[in-house]
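Take a look at the structure set out below.
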Amino acid sequence: MNNKGLTLIELMVVIAIIGILASLAAPSFNTILRQQKVIGEANLLFSLVYIARSEAIKRNGVVTICKSTDAVQCGGLWSDGWIVFEDNNSDGSRDVGEPLISSGLIRDDYQLSWSAFGSNNYIRFTSRGLTLSQNGTFKLCPNDGDIRFARAVVISKTARVRLTKDTDGDGIYEDANDNNLTCN
């Protein structure tokens with residue numbers, strides 16, 4: 001007698017093996033997804049700086065990025081969002097008649113901070129594409145505090161932008177001074 005097929009027991013064993021393999025792969029997949037999210041957010045900040053810088057050159061004037069809660073005026077926290085605008089009087093605050101260029105925000109599961117030489121409230125770019133004596137770092141930290149998913153975007157006075165790296169291979173990215181990032 002040639003029976004071709006699986007018995008119920010054989011089928012249950014195969015399903016159990018697939019379940020075990022899937023449970024082993026799930027944590028790795030979750031890590032990959034989180035890494036891709038933070039890379040996307042860091043790249044968003046990276047491009048934000050280049051947009052503001054290129055607009056300053058194009059408009060032959062000062063363009064400012066500032067934190068904004070309402071996508072219209074400066075104020076609040078960096079995690080609430082930001083605006084990019086033509087800053088005609090170079091004061092770092094959007095006044096009546098100053099054109100809004102763009103606005104944005106990061107995902108809800110991240111906190112964003114900006115620490116700088118100069119103001120922590122804004123970044124200004126000149127018509128030559130340089131910052132107005134500002135260099136600093138955007139730090140992106142996950143709300144759950146898992147430092148493996150923190151990133152930094154460093155901006156020099158010459159408006160050179162770079163994403164920090166994990167140079168020592170310990171799974172934690174470094175800041176501008178090559179110290180491990182911390183999220184408080």
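Just so we're on the same page: first chain in the structure tokens is A, next is B, and so on; residues restart at 1 for each chain, and ligands are numbered from 1 in the order they show up.
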Could you give me, as a ChimeraX atom specification, each residue of chain A that DSSP assigns to helix (DSSP H, G or I) when run on this structure's backbone?
/A:8-59,78-80,147-149
Which residues are close to A:Lys157, i.e. within 9 Å by only C-alpha atoms, leaving aside same-chain residues fewer than 6 positions away? Reply as a PDB file with N, CA and C atoms, in the first residue's frame.
ATOM      1  N   LEU A 130      27.025  79.079   5.380  1.00  0.00           N
ATOM      2  CA  LEU A 130      27.675  78.815   6.657  1.00  0.00           C
ATOM      3  C   LEU A 130      26.694  79.063   7.791  1.00  0.00           C
ATOM      4  N   THR A 131      26.987  78.513   8.957  1.00  0.00           N
ATOM      5  CA  THR A 131      26.160  78.848  10.114  1.00  0.00           C
ATOM      6  C   THR A 131      26.644  80.180  10.671  1.00  0.00           C
ATOM      7  N   LEU A 132      25.795  80.825  11.424  1.00  0.00           N
ATOM      8  CA  LEU A 132      26.185  82.073  12.081  1.00  0.00           C
ATOM      9  C   LEU A 132      26.834  81.733  13.416  1.00  0.00           C
ATOM     10  N   SER A 133      28.095  81.316  13.350  1.00  0.00           N
ATOM     11  CA  SER A 133      28.889  80.952  14.528  1.00  0.00           C
ATOM     12  C   SER A 133      28.222  79.896  15.394  1.00  0.00           C
ATOM     13  N   GLN A 134      27.558  78.938  14.763  1.00  0.00           N
ATOM     14  CA  GLN A 134      26.904  77.879  15.519  1.00  0.00           C
ATOM     15  C   GLN A 134      27.416  76.525  15.057  1.00  0.00           C
ATOM     16  N   ASN A 135      27.852  75.734  15.976  1.00  0.00           N
ATOM     17  CA  ASN A 135      28.088  74.329  15.705  1.00  0.00           C
ATOM     18  C   ASN A 135      27.426  73.566  16.845  1.00  0.00           C
ATOM     19  N   GLY A 136      26.944  72.397  16.529  1.00  0.00           N
ATOM     20  CA  GLY A 136      26.241  71.655  17.561  1.00  0.00           C
ATOM     21  C   GLY A 136      25.824  70.281  17.096  1.00  0.00           C
TER      22      GLY A 136
END
Considering only strand (DSSP E) as DSSP defines it on the backbone, what residues of chain A qualify? List them as number ranges by chain.
A: 63-67, 82-86, 100-104, 110-117, 122-125, 135-142, 151-155, 161-163
With only C-alpha atoms as the atoms that count, which of A:Arg53, A:Arg162, A:Lys37, A:Arg148 lies nearest to A:Thr182?
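The shortest atom-to-atom distance to A:Thr182 comes from A:Arg148.
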Find the residues around A:Gly129 up to 7 Å (only C-alpha atoms counted), leave out those fewer than 5 positions away in its own chain, and share them as a PyMOL selection string.
chain A and resi 53-54+56-57+159
Take atom CA of A:Leu163 and atom CA of A:Asn177 and report the distance between them in Å, one decimal.
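Value for the atom CA of A:Leu163-atom CA of A:Asn177 distance: 12.7 Å.
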Closest atom pairs, stretch 123-172 of chain A residues within 10 Å of stretch 69-93 of chain A, only C-alpha atoms, as a Markdown table:
| residue | atom | partner | partner_atom | distance |
| --- | --- | --- | --- | --- |
| A:Ile123 | CA | A:Gly92 | CA | 7.5 |
| A:Arg124 | CA | A:Gly92 | CA | 6.9 |
| A:Phe125 | CA | A:Asp87 | CA | 9.3 |
| A:Thr126 | CA | A:Ser90 | CA | 9.1 |
| A:Leu132 | CA | A:Ser90 | CA | 9.3 |
| A:Phe138 | CA | A:Trp78 | CA | 9.3 |
| A:Leu140 | CA | A:Ser79 | CA | 9.1 |
I need the residue nearest A:Phe117 from this list: A:Ser156, A:Leu48, A:Arg94, A:Phe149. Use only C-alpha atoms for the distance.
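Going through A:Ser156, A:Leu48, A:Arg94, A:Phe149 one by one, the smallest distance to A:Phe117 is for A:Ser156.
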